[in-house]
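Q: Contents are compact mmCIF, C-alpha atoms; file name coords.txt:
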# COMPACT_ATOMS: atom_id res chain seq x y z
CA MET E 14 86.10 51.71 -8.62
CA ALA E 15 84.22 49.93 -5.86
CA THR E 16 81.32 49.15 -8.22
CA ILE E 17 83.68 47.64 -10.77
CA ILE E 18 85.15 45.37 -8.12
CA LYS E 19 81.64 44.43 -7.02
CA HIS E 20 80.66 43.53 -10.59
CA ILE E 21 83.74 41.39 -11.01
CA THR E 22 83.00 39.70 -7.67
CA ASP E 23 79.43 39.03 -8.79
CA LEU E 24 80.72 37.53 -12.02
CA GLY E 25 83.06 35.25 -10.11
CA ALA E 26 80.28 34.23 -7.73
CA ALA E 27 77.94 33.45 -10.62
CA LEU E 28 80.58 31.33 -12.35
CA LEU E 29 81.40 29.47 -9.13
CA SER E 30 77.75 28.68 -8.42
CA LYS E 31 77.27 27.41 -12.00
CA LEU E 32 80.35 25.20 -11.65
CA ALA E 33 79.09 23.94 -8.30
CA LYS E 34 75.78 22.97 -9.93
CA ILE E 35 77.53 21.12 -12.73
CA GLY E 36 79.71 19.37 -10.16
CA LYS E 37 76.67 18.38 -8.12
CA ALA E 38 74.95 17.05 -11.25
CA LEU E 39 78.03 15.03 -12.17
CA LEU E 40 78.30 13.61 -8.65
CA MET E 41 74.65 12.58 -8.78
CA LEU E 42 75.21 10.80 -12.08
CA LEU E 43 78.38 9.06 -10.93
CA GLN E 44 76.73 7.88 -7.73
CA ALA E 45 73.81 6.56 -9.73
CA ILE E 46 75.69 4.67 -12.41
CA ILE E 47 78.85 3.47 -10.68
CA VAL E 48 77.37 0.38 -9.11
CA LYS E 49 77.66 -3.33 -9.68
CA PRO E 50 74.86 -4.36 -12.07
CA LYS E 51 72.42 -6.78 -10.49
CA ALA E 52 70.15 -9.20 -12.28
CA SER E 53 67.25 -8.05 -10.12
CA SER E 54 67.41 -4.54 -11.62
CA LEU E 55 66.77 -5.83 -15.14
CA PRO E 56 62.94 -5.63 -14.97
CA ARG E 57 63.20 -1.96 -13.98
CA LEU E 58 65.47 -1.30 -16.96
CA MET E 59 62.95 -3.08 -19.20
CA GLN E 60 60.14 -0.91 -17.87
CA GLN E 61 62.15 2.24 -18.60
CA LEU E 62 63.23 1.02 -22.03
CA TYR E 63 59.54 0.70 -22.80
CA VAL E 64 58.65 4.17 -21.49
CA VAL E 65 61.68 5.97 -22.92
CA GLY E 66 62.30 3.98 -26.11
CA VAL E 67 59.25 2.16 -27.39
CA GLN E 68 56.88 5.00 -26.64
CA SER E 69 59.10 7.41 -28.59
CA LEU E 70 59.11 5.11 -31.60
CA ILE E 71 55.97 6.39 -33.33
CA ILE E 72 56.95 10.07 -33.28
CA MET E 73 60.42 9.12 -34.56
CA LEU E 74 59.04 7.04 -37.42
CA VAL E 75 56.60 9.70 -38.56
CA SER E 76 59.12 12.55 -38.36
CA ALA E 77 61.80 10.48 -40.09
CA LEU E 78 59.48 9.64 -42.96
CA PHE E 79 58.49 13.26 -43.49
CA ILE E 80 62.03 14.59 -43.13
CA GLY E 81 63.26 12.05 -45.68
CA MET E 82 60.46 12.98 -48.05
CA VAL E 83 61.18 16.70 -47.73
CA LEU E 84 64.88 16.09 -48.31
CA GLY E 85 64.08 14.04 -51.39
CA LEU E 86 61.79 16.71 -52.77
CA GLN E 87 64.08 19.66 -52.03
CA GLY E 88 67.17 17.81 -53.16
CA TYR E 89 65.50 16.79 -56.39
CA THR E 90 64.34 20.30 -57.34
CA LEU E 91 67.73 21.78 -56.44
CA LEU E 92 69.82 19.12 -58.20
CA ALA E 93 67.54 18.89 -61.25
CA ALA E 94 68.50 22.50 -62.04
CA TYR E 95 72.05 21.21 -62.63
CA GLY E 96 70.92 18.02 -64.32
CA SER E 97 72.37 15.86 -61.57
CA GLU E 98 69.23 14.60 -59.88
CA GLN E 99 70.80 11.13 -59.62
CA ALA E 100 72.87 12.50 -56.74
CA VAL E 101 69.74 12.94 -54.64
CA GLY E 102 70.27 9.60 -52.89
CA GLN E 103 73.71 10.53 -51.74
CA MET E 104 72.48 13.93 -50.54
CA VAL E 105 69.58 12.46 -48.57
CA ALA E 106 71.70 9.73 -47.01
CA LEU E 107 74.64 11.91 -46.02
CA THR E 108 72.45 14.67 -44.60
CA LEU E 109 70.46 12.17 -42.57
CA VAL E 110 73.23 9.91 -41.36
CA ARG E 111 75.68 12.63 -40.45
CA GLU E 112 73.50 15.42 -39.10
CA LEU E 113 69.74 15.32 -39.21
CA SER E 114 69.04 11.91 -37.70
CA PRO E 115 71.12 12.35 -34.55
CA VAL E 116 70.07 15.96 -34.02
CA VAL E 117 66.36 15.76 -34.83
CA ALA E 118 65.93 12.41 -33.08
CA ALA E 119 67.70 13.83 -30.01
CA LEU E 120 65.55 16.97 -30.02
CA LEU E 121 62.40 14.86 -30.27
CA PHE E 122 63.75 12.56 -27.59
CA ALA E 123 64.40 15.50 -25.26
CA GLY E 124 60.86 16.74 -25.78
CA ARG E 125 59.17 13.35 -25.67
CA ALA E 126 61.19 11.39 -23.10
CA GLY E 127 63.42 13.91 -21.28
CA SER E 128 60.57 16.15 -20.14
CA ALA E 129 58.60 13.13 -18.95
CA LEU E 130 61.57 11.90 -16.92
CA THR E 131 61.98 15.26 -15.21
CA ALA E 132 58.29 15.56 -14.43
CA GLU E 133 58.11 12.00 -13.11
CA ILE E 134 61.09 12.31 -10.79
CA GLY E 135 60.03 15.81 -9.76
CA LEU E 136 56.63 14.51 -8.75
CA MET E 137 58.23 11.62 -6.86
CA LYS E 138 60.23 14.21 -4.98
CA ALA E 139 57.21 16.42 -4.33
CA THR E 140 55.18 13.50 -2.99
CA GLU E 141 58.18 12.44 -0.89
CA GLN E 142 58.51 9.06 -2.55
CA LEU E 143 62.23 9.58 -2.88
CA ALA E 144 62.53 10.42 0.82
CA SER E 145 60.55 7.34 1.82
CA LEU E 146 62.74 5.13 -0.35
CA GLU E 147 65.71 6.47 1.53
CA MET E 148 63.97 5.72 4.79
CA PHE E 149 63.62 2.09 3.72
CA GLY E 150 67.34 2.11 3.12
CA VAL E 151 67.00 2.00 -0.68
CA ASP E 152 69.19 4.45 -2.56
CA PRO E 153 66.85 6.34 -4.92
CA LEU E 154 69.82 7.07 -7.18
CA HIS E 155 70.26 3.37 -7.87
CA ARG E 156 66.60 2.51 -7.82
CA ILE E 157 65.12 5.43 -9.77
CA VAL E 158 67.85 7.34 -11.60
CA ALA E 159 70.16 4.59 -12.87
CA PRO E 160 67.62 2.54 -14.90
CA ARG E 161 66.29 5.70 -16.54
CA PHE E 162 69.78 6.84 -17.46
CA TRP E 163 70.73 3.51 -19.04
CA ALA E 164 67.39 3.28 -20.81
CA GLY E 165 68.16 6.63 -22.48
CA MET E 166 71.68 5.58 -23.41
CA ILE E 167 70.42 2.35 -24.99
CA SER E 168 67.33 3.64 -26.77
CA LEU E 169 68.51 6.81 -28.46
CA PRO E 170 71.23 5.21 -30.66
CA LEU E 171 68.75 2.51 -31.71
CA LEU E 172 66.14 5.15 -32.48
CA VAL E 173 68.69 7.14 -34.50
CA ALA E 174 69.54 4.10 -36.63
CA ILE E 175 65.84 3.50 -37.29
CA PHE E 176 65.38 7.21 -38.00
CA SER E 177 68.14 7.25 -40.65
CA LEU E 178 66.84 4.18 -42.41
CA VAL E 179 63.22 5.32 -42.45
CA GLY E 180 64.30 8.77 -43.66
CA ILE E 181 66.30 7.28 -46.51
CA TYR E 182 63.30 5.20 -47.56
CA GLY E 183 61.18 8.37 -47.30
CA GLY E 184 63.57 10.06 -49.71
CA HIS E 185 63.35 7.02 -51.97
CA LEU E 186 59.57 7.26 -51.91
CA VAL E 187 59.59 10.82 -53.20
CA ALA E 188 62.64 10.87 -55.45
CA VAL E 189 62.30 7.43 -57.04
CA ASP E 190 58.67 6.40 -56.81
CA TRP E 191 57.19 9.81 -57.34
CA LEU E 192 59.67 11.99 -59.24
CA GLY E 193 61.21 9.20 -61.30
CA VAL E 194 64.89 9.13 -60.40
CA TYR E 195 66.35 5.79 -61.42
CA SER E 196 66.40 3.52 -58.37
CA GLY E 197 69.82 2.11 -59.24
CA SER E 198 71.48 5.52 -59.21
CA TYR E 199 69.66 6.46 -55.99
CA TRP E 200 71.22 3.54 -54.14
CA GLY E 201 74.43 3.38 -56.19
CA ASN E 202 75.48 6.98 -55.63
CA MET E 203 74.56 6.62 -51.98
CA GLN E 204 76.65 3.51 -51.51
CA GLN E 205 79.63 5.18 -53.15
CA ALA E 206 79.36 8.29 -51.00
CA VAL E 207 78.49 6.86 -47.60
CA ASP E 208 81.25 5.21 -45.62
CA PHE E 209 80.18 2.99 -42.74
CA ASN E 210 82.95 3.92 -40.33
CA GLU E 211 83.14 7.56 -41.20
CA ASP E 212 79.49 8.48 -41.61
CA VAL E 213 77.26 5.88 -39.97
CA LEU E 214 79.40 5.16 -36.93
CA ASN E 215 80.14 8.85 -36.35
CA GLY E 216 76.39 9.46 -36.41
CA MET E 217 76.01 6.74 -33.77
CA ILE E 218 78.72 8.37 -31.63
CA LYS E 219 76.77 11.62 -31.85
CA ALA E 220 73.65 9.76 -30.75
CA LEU E 221 75.46 8.34 -27.73
CA VAL E 222 76.76 11.77 -26.71
CA PHE E 223 73.29 13.31 -27.08
CA ALA E 224 71.71 10.45 -25.14
CA PHE E 225 74.15 11.07 -22.31
CA LEU E 226 73.43 14.81 -22.29
CA ILE E 227 69.64 14.47 -22.41
CA SER E 228 69.40 11.77 -19.77
CA TRP E 229 71.81 13.58 -17.50
CA ILE E 230 70.07 16.94 -17.78
CA ALA E 231 66.58 15.47 -17.44
CA LEU E 232 67.41 13.35 -14.41
CA TYR E 233 69.33 16.08 -12.62
CA GLN E 234 66.61 18.65 -13.24
CA GLY E 235 64.01 16.28 -11.83
CA TYR E 236 66.15 15.25 -8.91
CA SER E 237 67.07 18.80 -7.90
CA CYS E 238 63.81 20.59 -8.66
CA ILE E 239 61.88 22.61 -6.11
CA PRO E 240 59.19 20.14 -5.01
CA THR E 241 56.17 22.26 -5.84
CA SER E 242 53.96 22.32 -8.90
CA GLN E 243 55.65 25.49 -10.18
CA GLY E 244 59.05 24.00 -9.41
CA ILE E 245 58.30 20.86 -11.42
CA SER E 246 56.97 22.83 -14.37
CA ALA E 247 60.02 25.11 -14.35
CA ALA E 248 62.34 22.09 -14.17
CA THR E 249 60.56 20.41 -17.09
CA THR E 250 60.94 23.56 -19.16
CA ARG E 251 64.61 23.80 -18.23
CA THR E 252 65.15 20.19 -19.27
CA VAL E 253 63.85 20.82 -22.77
CA VAL E 254 65.65 24.15 -23.16
CA TYR E 255 69.02 23.00 -21.78
CA SER E 256 68.89 19.69 -23.67
CA SER E 257 68.11 21.40 -26.97
CA LEU E 258 70.90 23.93 -26.52
CA ALA E 259 73.35 21.23 -25.45
CA ILE E 260 72.42 19.05 -28.43
CA LEU E 261 72.87 21.84 -30.96
CA GLY E 262 76.07 23.13 -29.37
CA PHE E 263 77.67 19.71 -29.06
CA ASP E 264 76.56 18.82 -32.57
CA PHE E 265 78.68 21.67 -33.91
CA ILE E 266 81.67 20.61 -31.84
CA LEU E 267 81.33 16.96 -32.84
CA THR E 268 80.86 17.83 -36.50
CA ALA E 269 83.95 20.02 -36.42
CA LEU E 270 85.94 17.18 -34.85
CA MET E 271 84.58 14.44 -37.12
CA PHE E 272 84.07 16.01 -40.51
CA GLY E 273 85.84 19.37 -40.35
CA GLY E 274 89.52 20.12 -40.45
CA ALA E 275 90.27 17.00 -42.49
CA VAL E 276 91.41 19.10 -45.44
CA MET J 18 49.67 -3.72 -19.55
CA SER J 19 51.04 -7.20 -19.14
CA LYS J 20 54.68 -7.88 -18.49
CA ARG J 21 54.84 -10.07 -21.56
CA TRP J 22 53.73 -7.30 -23.90
CA LEU J 23 56.25 -4.92 -22.32
CA GLU J 24 59.14 -7.29 -22.82
CA LEU J 25 58.01 -8.16 -26.33
CA SER J 26 57.82 -4.51 -27.41
CA VAL J 27 61.19 -3.66 -25.90
CA GLY J 28 62.72 -6.67 -27.59
CA LEU J 29 61.15 -5.68 -30.90
CA MET J 30 62.55 -2.15 -30.59
CA ILE J 31 66.06 -3.45 -29.93
CA VAL J 32 65.85 -5.89 -32.85
CA ALA J 33 64.51 -3.14 -35.12
CA GLY J 34 67.30 -0.77 -34.08
CA LEU J 35 70.03 -3.33 -34.68
CA ALA J 36 68.44 -4.37 -37.97
CA ALA J 37 68.38 -0.71 -39.04
CA LEU J 38 72.08 -0.46 -38.22
CA VAL J 39 72.83 -3.54 -40.31
CA ALA J 40 70.71 -2.16 -43.15
CA LEU J 41 72.63 1.12 -42.94
CA ALA J 42 75.85 -0.87 -43.23
CA LEU J 43 74.78 -3.04 -46.15
CA GLN J 44 72.24 -1.07 -48.16
CA VAL J 45 73.31 2.53 -47.51
CA SER J 46 77.08 2.34 -47.23
CA GLY J 47 77.33 -0.46 -49.75
CA GLY J 48 78.60 -3.16 -47.44
CA ASN J 49 82.18 -1.94 -47.67
CA LEU J 50 82.82 -3.32 -44.21
CA SER J 51 85.87 -5.06 -45.61
CA ARG J 52 87.71 -1.78 -45.76
CA ASN J 53 90.81 -3.44 -44.39
CA ALA J 54 90.83 -5.91 -47.24
CA GLU J 55 94.20 -6.99 -48.55
CA ASN J 56 95.81 -4.43 -50.78
CA TYR J 57 99.19 -3.26 -51.96
CA THR J 58 100.54 0.24 -52.50
CA ILE J 59 102.03 1.65 -55.68
CA THR J 60 102.99 5.23 -56.38
CA ALA J 61 102.92 7.39 -59.47
CA LEU J 62 104.66 10.69 -60.21
CA PHE J 63 102.57 13.34 -61.93
CA GLN J 64 103.57 16.75 -63.29
CA ASN J 65 100.34 18.11 -61.91
CA ALA J 66 97.84 16.38 -59.61
CA ALA J 67 95.43 19.30 -59.26
CA GLY J 68 92.12 18.31 -57.66
CA LEU J 69 93.18 14.79 -56.72
CA GLY J 70 92.78 13.97 -53.05
CA SER J 71 92.97 10.90 -50.86
CA LYS J 72 90.03 8.49 -51.22
CA ALA J 73 89.80 9.29 -54.93
CA ARG J 74 89.04 6.19 -56.98
CA VAL J 75 91.66 4.27 -58.93
CA THR J 76 90.16 2.57 -61.95
CA MET J 77 91.18 0.22 -64.69
CA ALA J 78 88.97 0.04 -67.78
CA GLY J 79 86.41 2.05 -65.83
CA VAL J 80 86.24 -0.44 -62.95
CA THR J 81 87.31 0.69 -59.49
CA ILE J 82 90.28 -1.38 -58.30
CA GLY J 83 91.59 0.79 -55.46
CA GLU J 84 91.83 4.24 -53.98
CA VAL J 85 94.34 7.05 -53.54
CA SER J 86 95.77 6.89 -50.03
CA ALA J 87 97.92 10.05 -50.02
CA VAL J 88 99.12 12.86 -52.29
CA GLY J 89 102.39 14.66 -51.64
CA ILE J 90 105.41 16.25 -53.28
CA ASP J 91 108.40 14.13 -54.19
CA PRO J 92 111.36 16.23 -52.97
CA ASN J 93 113.80 14.86 -55.58
CA THR J 94 111.81 15.40 -58.74
CA LEU J 95 109.49 18.12 -57.38
CA MET J 96 106.59 16.27 -58.91
CA ALA J 97 103.31 15.24 -57.30
CA LYS J 98 103.64 11.80 -55.72
CA VAL J 99 100.36 9.90 -55.57
CA HIS J 100 100.15 6.80 -53.36
CA MET J 101 97.50 4.31 -54.42
CA LYS J 102 96.15 1.29 -52.57
CA ILE J 103 95.27 -1.41 -55.07
CA ASN J 104 93.11 -4.42 -54.27
CA SER J 105 95.33 -7.49 -53.94
CA GLN J 106 93.14 -9.49 -56.27
CA VAL J 107 94.25 -7.17 -59.06
CA ASP J 108 97.82 -8.52 -59.33
CA TYR J 109 98.22 -8.31 -63.09
CA LEU J 110 99.21 -4.66 -63.65
CA SER J 111 102.27 -4.82 -65.90
CA ILE J 112 105.31 -2.70 -65.00
CA ASP J 113 104.87 -0.51 -68.08
CA SER J 114 101.32 0.46 -67.05
CA SER J 115 100.48 4.12 -67.40
CA ALA J 116 98.43 6.29 -65.07
CA SER J 117 96.41 9.35 -65.93
CA ILE J 118 94.28 11.71 -63.88
CA LEU J 119 90.79 11.81 -65.33
CA THR J 120 87.64 13.76 -64.56
CA ALA J 121 84.22 12.20 -64.14
CA GLY J 122 82.02 14.42 -66.27
CA LEU J 123 82.90 18.01 -67.07
CA LEU J 124 83.01 19.29 -63.50
CA GLY J 125 83.02 15.99 -61.64
CA GLU J 126 85.49 14.45 -59.23
CA LYS J 127 89.04 13.56 -60.26
CA TYR J 128 90.13 9.95 -60.35
CA VAL J 129 93.11 7.93 -61.50
CA GLY J 130 92.79 5.72 -64.55
CA LEU J 131 95.36 2.96 -65.08
CA THR J 132 96.09 1.53 -68.53
CA VAL J 133 97.92 -1.77 -68.62
CA GLY J 134 100.97 -2.17 -70.87
CA ALA J 135 102.41 -5.21 -72.62
CA GLU J 136 105.22 -6.40 -70.30
CA ASP J 137 104.98 -9.75 -68.53
CA ASP J 138 106.42 -8.51 -65.21
CA VAL J 139 103.79 -7.05 -62.88
CA LEU J 140 103.81 -4.18 -60.41
CA VAL J 141 104.31 -5.20 -56.79
CA ASP J 142 104.07 -3.34 -53.49
CA GLY J 143 106.16 -0.15 -53.51
CA ASP J 144 106.65 0.10 -57.26
CA VAL J 145 106.49 3.42 -59.07
CA ILE J 146 104.60 4.17 -62.29
CA GLU J 147 106.58 6.59 -64.40
CA ASP J 148 104.44 6.86 -67.50
CA THR J 149 101.83 9.36 -66.36
CA GLN J 150 99.49 11.96 -67.74
CA SER J 151 98.66 14.96 -65.58
CA ALA J 152 95.38 16.38 -64.45
CA LEU J 153 93.53 18.52 -66.87
CA VAL J 154 93.50 22.05 -65.49
CA LEU J 155 90.69 24.01 -67.06
CA GLU J 156 92.41 27.40 -66.68
CA GLU J 157 95.53 26.20 -68.52
CA LEU J 158 93.41 24.75 -71.27
CA ILE J 159 91.52 28.00 -71.72
CA SER J 160 94.66 30.13 -71.76
CA GLN J 161 96.20 27.79 -74.34
CA PHE J 162 93.06 28.05 -76.42
CA LEU J 163 93.09 31.83 -76.25
CA LEU J 164 96.80 31.89 -77.12
CA ASN J 165 96.09 29.75 -80.19
CA LEU J 166 93.29 32.08 -81.21
CA GLY J 167 95.69 35.01 -81.00
CA THR J 168 98.45 33.41 -83.12
CA ASN J 169 96.08 32.11 -85.79
CA LYS J 170 94.94 35.60 -86.75
The structure given in the file should be rewritten as structure tokens.

A:
Amino acid sequence: MATIIKHITDLGAALLSKLAKIGKALLMLLQAIIVKPKASSLPRLMQQLYVVGVQSLIIMLVSALFIGMVLGLQGYTLLAAYGSEQAVGQMVALTLVRELSPVVAALLFAGRAGSALTAEIGLMKATEQLASLEMFGVDPLHRIVAPRFWAGMISLPLLVAIFSLVGIYGGHLVAVDWLGVYSGSYWGNMQQAVDFNEDVLNGMIKALVFAFLISWIALYQGYSCIPTSQGISAATTRTVVYSSLAILGFDFILTALMFGGAV
Amino acid sequence: MSKRWLELSVGLMIVAGLAALVALALQVSGGNLSRNAENYTITALFQNAAGLGSKARVTMAGVTIGEVSAVGIDPNTLMAKVHMKINSQVDYLSIDSSASILTAGLLGEKYVGLTVGAEDDVLVDGDVIEDTQSALVLEELISQFLLNLGTNK
């Protein structure tokens, strides 16, 4: 009996400590972003937009092109069996806009930008740069965390839009230019099937949610890591793992809310 | 890296992202941003509206002129009541128009086809089309066919 009570107590303690961590992470984020925007912080945002956004552009473009091409190829072979290969455009576009672009771009973003954010802030903590900022009376949350958070929130939706478009042209490359689907039916079927509000904008909402999750997780992991080399490496790993799980989990929830249950 | 190059590349990324969004709106979703365009609603009563759902196309002579906004049961006649939003520019559907539920291809989506009659008066918002032809239900067709086979022997 006593062991059962102990197990239940342990369970409660574990849950409470997890909740406390989430609460701490949320407090950190709120303290960082609830602040009057100043014109003088714009250059720092620019710098982060470059690091987080522009430097992720190449990997996004290449992956989008290949994912679009694979979708075009697979869709063509599958649909050609039913003699409806003209529908390949609509398949490529809907798959990309609704699901693949937000999810794959976010996963790449977590690996490319999120891990770098964690490592950077972790190293700042280990070398006591954060502590010295505080000593100068500068809040590291405003100075370091906030611009990185907003850079993530701004770049990921833009990257997702680029990703979708490049992917669709990748599908066009394979299906139309290589396999000979009529270009008019590629675009025509797509335009009939894709709705801007329902598909494109919902994809953008997904991108915003994922950007929030990735930036939040990456910044908190960096900010709260153990300031040693092992600590930083563990925090970087946690960033990628937690972000990926959060992206995939939230993608299901968002899909169920947006596209499911409408019957 | 110079500050100028940094700002230029960030600016280019933002422009490219917004341009991609515009391209998604125009090229991919067909520029149907004017979803809230002017339209009026008419209804039609069908014996059977199997397979017809909201957002299905409403066509006249094969050209899309509107979409189905809702499908429900009319409690008085116990028939399927199909609400259709018709583009306001199409204001010449005569009151004796007929509606039929058609199928695109053998297994394709269901849509409503309108055929205009000869009257001078036109349908306005809230009007009901009574001359209708129901959806083709494959199972019924097959059972009828088999029944005919049996009686012909």

Q: Within 9 Å of (63.9, -0.5, -19.1), all atoms listed in the file: residues as a PyMOL selection string?

A: (chain E and resi 55-66+160-161+163-165) or (chain J and resi 27)

Q: Taking only C-alpha atoms into account, find every residue of chain J that has an atom no more than 12 Å from chain E, and write it out as a ChimeraX atom specification.

A: /J:18-53,70-74,81,122,124-126

Q: Please provide as a PyMOL selection string all residues within 10 Å of Tyr199 (chain E), with the sequence filter that same-chain residues fewer than 4 positions apart are discarded (counting only C-alpha atoms).

A: chain E and resi 98-106+184-185+188-189+194-195+203-204

Q: Would you mind reading off the distance between CA of Ser30 (chain E) and CA of Ala119 (chain E), one decimal, in Å?

A: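 Value for the CA of Ser30 (chain E)-CA of Ala119 (chain E) distance: 28.1 Å.
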
Q: Have a look at CA of Thr131 (chain E) and CA of Phe265 (chain E) and let me know their distance in Å, one decimal.

A: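 About the pair CA of Thr131 (chain E) and CA of Phe265 (chain E): they are 25.9 Å apart.
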
Q: Please, what distance in Å, to one decimal, runs between CA of Val107 (chain J) and CA of Ser151 (chain J)?

A: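 Taking CA of Val107 (chain J) as the start and CA of Ser151 (chain J) as the end point, the length is 23.5 Å.
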
Q: Smallest atom-to-atom distance to Val139 (chain J): which of J:Glu84, J:Glu157, J:Glu55, J:Asp108, using all atoms listed in the file?

A: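 For Val139 (chain J), the nearest of the given residues is J:Asp108.
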
Q: Considering all atoms listed in the file, state which residue in the set E:Ile227, E:Leu24, E:Ile239, E:Ile266 is at the smallest distance from Ala139 (chain E).

A: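 Once distances to Ala139 (chain E) are computed over all atoms listed in the file, the minimum belongs to E:Ile239.
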
Q: Which one of E:Met14, E:Val117, E:Leu154, E:Leu192 sits closest to Ile47 (chain E) if you count all atoms listed in the file?

A: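 Looking only at the distances to Ile47 (chain E), the closest residue turns out to be E:Leu154.
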
Q: Which residues, written as a list in words, have at least one atom at most 12 Å from Ser86 (chain J), with all atoms listed in the file counted and residues fewer than 5 positions away on the same chain left out?

A: Asn56, Tyr57, Thr58, Ile59, Thr60, Ala61, Leu69, Gly70, Ser71, Lys72, Ala73, Arg74, Val75, Lys98, Val99, His100, Met101, Lys102, Ile103 and Val129 of chain J

Q: From the options J:Ala135, J:Ala66, J:Met96, J:Ala87, which residue's atoms come nearest to Asp113 (chain J), counting all atoms listed in the file?

A: J:Ala135

Q: Point out the residue among E:Val116, E:Gly193, E:Thr22, E:Tyr233 with the least atom-to-atom distance to Gly36 (chain E), counting all atoms listed in the file.

A: E:Tyr233

Q: So that I can see what lies close to Ser128 (chain E), please list as number ranges by chain the residues with an atom at most 12 Å from it, counting all atoms listed in the file and leaving out residues fewer than 2 positions away in the same chain.

A: E: 65, 120-126, 130-135, 227-235, 245-257

Q: For those residues, write C-alpha atoms to a file as a PDB file, keeping the file's coordinate frame.

A:
ATOM      1  CA  VAL E  65      61.680   5.970 -22.920  1.00  0.00           C
ATOM      2  CA  LEU E 120      65.550  16.970 -30.020  1.00  0.00           C
ATOM      3  CA  LEU E 121      62.400  14.860 -30.270  1.00  0.00           C
ATOM      4  CA  PHE E 122      63.750  12.560 -27.590  1.00  0.00           C
ATOM      5  CA  ALA E 123      64.400  15.500 -25.260  1.00  0.00           C
ATOM      6  CA  GLY E 124      60.860  16.740 -25.780  1.00  0.00           C
ATOM      7  CA  ARG E 125      59.170  13.350 -25.670  1.00  0.00           C
ATOM      8  CA  ALA E 126      61.190  11.390 -23.100  1.00  0.00           C
ATOM      9  CA  LEU E 130      61.570  11.900 -16.920  1.00  0.00           C
ATOM     10  CA  THR E 131      61.980  15.260 -15.210  1.00  0.00           C
ATOM     11  CA  ALA E 132      58.290  15.560 -14.430  1.00  0.00           C
ATOM     12  CA  GLU E 133      58.110  12.000 -13.110  1.00  0.00           C
ATOM     13  CA  ILE E 134      61.090  12.310 -10.790  1.00  0.00           C
ATOM     14  CA  GLY E 135      60.030  15.810  -9.760  1.00  0.00           C
ATOM     15  CA  ILE E 227      69.640  14.470 -22.410  1.00  0.00           C
ATOM     16  CA  SER E 228      69.400  11.770 -19.770  1.00  0.00           C
ATOM     17  CA  TRP E 229      71.810  13.580 -17.500  1.00  0.00           C
ATOM     18  CA  ILE E 230      70.070  16.940 -17.780  1.00  0.00           C
ATOM     19  CA  ALA E 231      66.580  15.470 -17.440  1.00  0.00           C
ATOM     20  CA  LEU E 232      67.410  13.350 -14.410  1.00  0.00           C
ATOM     21  CA  TYR E 233      69.330  16.080 -12.620  1.00  0.00           C
ATOM     22  CA  GLN E 234      66.610  18.650 -13.240  1.00  0.00           C
ATOM     23  CA  GLY E 235      64.010  16.280 -11.830  1.00  0.00           C
ATOM     24  CA  ILE E 245      58.300  20.860 -11.420  1.00  0.00           C
ATOM     25  CA  SER E 246      56.970  22.830 -14.370  1.00  0.00           C
ATOM     26  CA  ALA E 247      60.020  25.110 -14.350  1.00  0.00           C
ATOM     27  CA  ALA E 248      62.340  22.090 -14.170  1.00  0.00           C
ATOM     28  CA  THR E 249      60.560  20.410 -17.090  1.00  0.00           C
ATOM     29  CA  THR E 250      60.940  23.560 -19.160  1.00  0.00           C
ATOM     30  CA  ARG E 251      64.610  23.800 -18.230  1.00  0.00           C
ATOM     31  CA  THR E 252      65.150  20.190 -19.270  1.00  0.00           C
ATOM     32  CA  VAL E 253      63.850  20.820 -22.770  1.00  0.00           C
ATOM     33  CA  VAL E 254      65.650  24.150 -23.160  1.00  0.00           C
ATOM     34  CA  TYR E 255      69.020  23.000 -21.780  1.00  0.00           C
ATOM     35  CA  SER E 256      68.890  19.690 -23.670  1.00  0.00           C
ATOM     36  CA  SER E 257      68.110  21.400 -26.970  1.00  0.00           C
TER      37      SER E 257
END

Q: Select, from E:Gly127, E:Glu147, E:Gly197, E:Arg156, the residue with the minimum atom-to-atom distance to Ala224 (chain E), counting only C-alpha atoms.

A: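 Ranking E:Gly127, E:Glu147, E:Gly197, E:Arg156 by distance to Ala224 (chain E), first place goes to E:Gly127.
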